[in-house]
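Below: input36.cif (mmCIF, C-alpha atoms)
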data_entry
#
loop_
_atom_site.label_atom_id
_atom_site.label_comp_id
_atom_site.auth_asym_id
_atom_site.auth_seq_id
_atom_site.Cartn_x
_atom_site.Cartn_y
_atom_site.Cartn_z
CA MET S 1 -16.03 10.23 42.00
CA ASP S 2 -18.40 10.10 39.10
CA ALA S 3 -17.83 11.19 35.47
CA LYS S 4 -20.69 13.71 35.78
CA GLU S 5 -18.57 15.61 38.31
CA ILE S 6 -16.27 16.60 35.45
CA GLY S 7 -19.12 17.30 33.05
CA LEU S 8 -19.32 13.94 31.25
CA GLU S 9 -22.22 11.54 30.93
CA GLU S 10 -21.73 8.32 32.86
CA GLY S 11 -23.13 6.14 30.07
CA LYS S 12 -20.77 7.63 27.50
CA VAL S 13 -17.73 7.29 29.74
CA ARG S 14 -17.97 3.51 30.28
CA PRO S 15 -16.68 2.61 26.77
CA VAL S 16 -13.91 5.19 27.18
CA VAL S 17 -12.80 3.62 30.47
CA ASP S 18 -13.01 0.09 29.07
CA HIS S 19 -10.80 1.05 26.13
CA LEU S 20 -8.41 2.99 28.37
CA ASN S 21 -7.98 -0.10 30.55
CA ASP S 22 -7.25 -2.19 27.44
CA TYR S 23 -4.77 0.47 26.33
CA LEU S 24 -3.20 0.46 29.81
CA ALA S 25 -2.71 -3.31 29.63
CA ASN S 26 -1.06 -3.04 26.22
CA TYR S 27 1.18 -0.26 27.49
CA HIS S 28 2.40 -2.39 30.39
CA ILE S 29 3.47 -5.15 28.00
CA HIS S 30 5.11 -2.57 25.73
CA TYR S 31 6.92 -1.03 28.72
CA GLN S 32 8.32 -4.36 29.86
CA LYS S 33 9.41 -5.20 26.33
CA LEU S 34 11.29 -1.89 26.18
CA ARG S 35 12.96 -2.70 29.51
CA GLY S 36 14.01 -6.10 28.21
CA CYS S 37 15.44 -4.54 25.05
CA HIS S 38 17.31 -1.94 27.13
CA TRP S 39 18.81 -4.59 29.40
CA ASN S 40 19.67 -7.13 26.71
CA VAL S 41 20.74 -5.14 23.65
CA LYS S 42 24.20 -6.07 22.35
CA GLY S 43 26.32 -5.32 19.32
CA LYS S 44 27.58 -2.34 17.36
CA SER S 45 24.45 -0.32 18.08
CA PHE S 46 24.56 -0.93 21.83
CA PHE S 47 25.27 2.65 22.88
CA THR S 48 22.66 4.15 20.55
CA LEU S 49 19.90 1.65 21.31
CA HIS S 50 20.59 1.34 25.03
CA VAL S 51 19.92 5.09 25.38
CA LYS S 52 16.95 5.06 22.97
CA PHE S 53 15.26 2.14 24.73
CA GLU S 54 15.71 3.94 28.06
CA GLU S 55 14.15 7.09 26.62
CA LEU S 56 11.21 5.07 25.33
CA TYR S 57 10.61 3.08 28.53
CA THR S 58 10.85 6.25 30.62
CA ASP S 59 8.19 7.83 28.42
CA ALA S 60 6.09 4.64 28.57
CA LEU S 61 6.19 4.68 32.37
CA THR S 62 4.93 8.27 32.42
CA THR S 63 2.21 7.35 29.92
CA ILE S 64 1.10 4.41 32.07
CA ASP S 65 0.75 6.71 35.08
CA GLU S 66 -1.21 9.31 33.10
CA LEU S 67 -3.54 6.62 31.75
CA ALA S 68 -4.26 5.20 35.20
CA GLU S 69 -4.84 8.67 36.62
CA ARG S 70 -7.18 9.58 33.75
CA ILE S 71 -9.21 6.43 34.39
CA LEU S 72 -9.46 7.48 38.04
CA ALA S 73 -10.46 11.01 37.01
CA LEU S 74 -13.29 9.43 35.01
CA GLY S 75 -14.46 7.80 38.24
CA LYS S 76 -13.38 4.22 37.62
CA PRO S 77 -10.51 1.99 38.80
CA PRO S 78 -7.63 1.15 36.48
CA ILE S 79 -6.72 -2.50 36.11
CA SER S 80 -3.57 -3.14 38.09
CA THR S 81 -2.42 -6.76 38.10
CA PHE S 82 0.09 -8.42 35.79
CA ASN S 83 -2.48 -11.14 35.14
CA ASP S 84 -4.93 -8.48 33.92
CA TYR S 85 -2.26 -6.93 31.69
CA ILE S 86 -1.22 -10.24 30.14
CA THR S 87 -4.75 -11.53 29.56
CA THR S 88 -6.14 -8.20 28.31
CA SER S 89 -3.26 -7.03 26.12
CA LYS S 90 -3.17 -7.70 22.39
CA LEU S 91 0.60 -7.16 22.57
CA LYS S 92 2.52 -10.25 23.54
CA GLU S 93 5.57 -10.68 25.72
CA ILE S 94 8.84 -11.60 24.05
CA ASN S 95 12.12 -12.95 25.36
CA THR S 96 14.75 -10.33 24.48
CA ILE S 97 17.72 -12.39 25.74
CA GLY S 98 19.94 -13.12 22.76
CA MET S 99 17.70 -11.20 20.37
CA LEU S 100 19.39 -9.28 17.55
CA ASP S 101 19.36 -5.52 18.04
CA THR S 102 17.51 -4.95 14.75
CA ASP S 103 14.90 -7.54 15.71
CA MET S 104 14.39 -5.65 18.98
CA VAL S 105 13.81 -2.43 17.05
CA LYS S 106 11.37 -4.19 14.71
CA ALA S 107 9.46 -5.60 17.71
CA ILE S 108 9.13 -2.10 19.15
CA ILE S 109 8.00 -0.73 15.77
CA ASP S 110 5.31 -3.45 15.67
CA ASP S 111 4.19 -2.57 19.20
CA MET S 112 3.99 1.10 18.33
CA ALA S 113 1.90 0.34 15.23
CA SER S 114 -0.52 -1.68 17.36
CA LEU S 115 -0.67 1.05 20.01
CA ILE S 116 -1.34 3.68 17.34
CA ASP S 117 -4.28 1.55 16.11
CA VAL S 118 -5.66 1.48 19.67
CA GLU S 119 -5.12 5.24 19.96
CA ARG S 120 -6.99 5.96 16.73
CA GLU S 121 -9.89 3.88 18.01
CA LEU S 122 -9.78 5.73 21.33
CA LEU S 123 -9.86 9.10 19.53
CA THR S 124 -13.15 8.14 17.91
CA ILE S 125 -14.63 6.80 21.16
CA THR S 126 -13.57 9.84 23.19
CA ALA S 127 -14.88 12.22 20.54
CA ASP S 128 -18.26 10.42 20.61
CA ALA S 129 -18.31 10.74 24.42
CA GLY S 130 -17.41 14.45 24.31
CA ASP S 131 -14.31 13.62 26.39
CA ASP S 132 -11.89 16.25 25.10
CA GLY S 133 -9.46 15.74 27.99
CA THR S 134 -8.86 12.08 27.21
CA ASN S 135 -8.85 12.83 23.48
CA ASP S 136 -6.09 15.44 23.86
CA MET S 137 -4.03 13.11 26.05
CA VAL S 138 -4.29 10.16 23.65
CA ASN S 139 -3.52 12.38 20.66
CA ARG S 140 -0.32 13.53 22.37
CA PHE S 141 0.70 9.92 23.05
CA MET S 142 0.01 9.00 19.42
CA GLN S 143 2.08 11.86 18.03
CA PHE S 144 5.06 10.75 20.13
CA LYS S 145 4.79 7.20 18.78
CA GLU S 146 4.33 8.34 15.18
CA LYS S 147 7.56 10.33 15.35
CA ASN S 148 9.48 7.54 17.06
CA THR S 149 8.16 4.94 14.60
CA TRP S 150 9.61 7.01 11.77
CA MET S 151 12.96 7.27 13.60
CA LEU S 152 13.13 3.55 14.40
CA ARG S 153 12.11 2.60 10.87
CA SER S 154 14.89 4.82 9.56
CA PHE S 155 17.32 3.11 11.94
CA VAL S 156 16.58 -0.31 10.44
CA ASN S 157 16.26 1.08 6.88
CA GLU S 158 12.52 0.41 6.61
CA ASP S 159 11.36 3.95 5.89
#

Any chance you could put this one into structure tokens?
Amino acid sequence: MDAKEIGLEEGKVRPVVDHLNDYLANYHIHYQKLRGCHWNVKGKSFFTLHVKFEELYTDALTTIDELAERILALGKPPISTFNDYITTSKLKEINTIGMLDTDMVKAIIDDMASLIDVERELLTITADAGDDGTNDMVNRFMQFKEKNTWMLRSFVNED
């Protein structure tokens, strides 16, 4: 498939796809970090955070799938190896074993801030390409993270 088959110019779609693949790599690292937090959270906030981390990683998994499918809809392949994710992502892996629950939350807040930066950049790139479909999708992802950043910041009294 080619981008022109969905009414987009091939030359304008390449930067969109490149940034979506970068975003996809970052999301995979974020997803795994959420899984680690879910598995390894301990302490008084266990029940609250265990459920919240599961909610967030479930959403992240859906987002990853939508990103990969959007890249395919634009006529290009999504990156799909852990090596690609690790080397491409600006987000870094962390070891969540033994980590304090509040430090886990702060790590997720930091990830979300970085992902929101990527999303804002993508909104500009997709607008320049006339790619309203990708723009709407990324905007929806960003709104979810903005709301959850506020909630997590309130949880650790950083609002």

Who sits within 12 Å of segment 11-19 of chain S, all atoms listed in the file, same chain under 6 positions skipped, as a VMD selection string: chain S and resid 2 to 5 25 to 26 67 to 79 88 to 89 115 117 to 135 138

Please evaluate the PyMOL selection byres ((chain S and resi 56) around 12) against the structure above and give the resulting residues as a ChimeraX atom specification. /S:27,30-38,49-55,57-63,105,108-109,112,141,144-145,147-149,152

Write out, as a JSON list (two decimals), keeping the file's coordinate frame, the residues just selected, with C-alpha atoms.
[["chain", "number", "residue", "atom", "x", "y", "z"],
["S", 27, "TYR", "CA", 1.18, -0.26, 27.49],
["S", 30, "HIS", "CA", 5.11, -2.57, 25.73],
["S", 31, "TYR", "CA", 6.92, -1.03, 28.72],
["S", 32, "GLN", "CA", 8.32, -4.36, 29.86],
["S", 33, "LYS", "CA", 9.41, -5.20, 26.33],
["S", 34, "LEU", "CA", 11.29, -1.89, 26.18],
["S", 35, "ARG", "CA", 12.96, -2.70, 29.51],
["S", 36, "GLY", "CA", 14.01, -6.10, 28.21],
["S", 37, "CYS", "CA", 15.44, -4.54, 25.05],
["S", 38, "HIS", "CA", 17.31, -1.94, 27.13],
["S", 49, "LEU", "CA", 19.90, 1.65, 21.31],
["S", 50, "HIS", "CA", 20.59, 1.34, 25.03],
["S", 51, "VAL", "CA", 19.92, 5.09, 25.38],
["S", 52, "LYS", "CA", 16.95, 5.06, 22.97],
["S", 53, "PHE", "CA", 15.26, 2.14, 24.73],
["S", 54, "GLU", "CA", 15.71, 3.94, 28.06],
["S", 55, "GLU", "CA", 14.15, 7.09, 26.62],
["S", 57, "TYR", "CA", 10.61, 3.08, 28.53],
["S", 58, "THR", "CA", 10.85, 6.25, 30.62],
["S", 59, "ASP", "CA", 8.19, 7.83, 28.42],
["S", 60, "ALA", "CA", 6.09, 4.64, 28.57],
["S", 61, "LEU", "CA", 6.19, 4.68, 32.37],
["S", 62, "THR", "CA", 4.93, 8.27, 32.42],
["S", 63, "THR", "CA", 2.21, 7.35, 29.92],
["S", 105, "VAL", "CA", 13.81, -2.43, 17.05],
["S", 108, "ILE", "CA", 9.13, -2.10, 19.15],
["S", 109, "ILE", "CA", 8.00, -0.73, 15.77],
["S", 112, "MET", "CA", 3.99, 1.10, 18.33],
["S", 141, "PHE", "CA", 0.70, 9.92, 23.05],
["S", 144, "PHE", "CA", 5.06, 10.75, 20.13],
["S", 145, "LYS", "CA", 4.79, 7.20, 18.78],
["S", 147, "LYS", "CA", 7.56, 10.33, 15.35],
["S", 148, "ASN", "CA", 9.48, 7.54, 17.06],
["S", 149, "THR", "CA", 8.16, 4.94, 14.60],
["S", 152, "LEU", "CA", 13.13, 3.55, 14.40]]

For Thr87 of chain S, which residue out of S:His28, S:Gly7, S:Phe47, S:Thr102 is the nearest one, using all atoms listed in the file?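 Looking only at the distances to Thr87 of chain S, the closest residue turns out to be S:His28.
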
Would you please work out which residue, of S:Ile116, S:Tyr85, S:Arg153, S:Lys90, is nearest to Asp103 of chain S when using only C-alpha atoms?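 That would be S:Arg153, the residue with the smallest distance to Asp103 of chain S.
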
Using all atoms listed in the file, can you tell me which of S:Ile64, S:Leu100, S:Val156, S:Ile6 comes closest to Leu24 of chain S?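 When distances to Leu24 of chain S are compared using all atoms listed in the file, the smallest one comes from S:Ile64.
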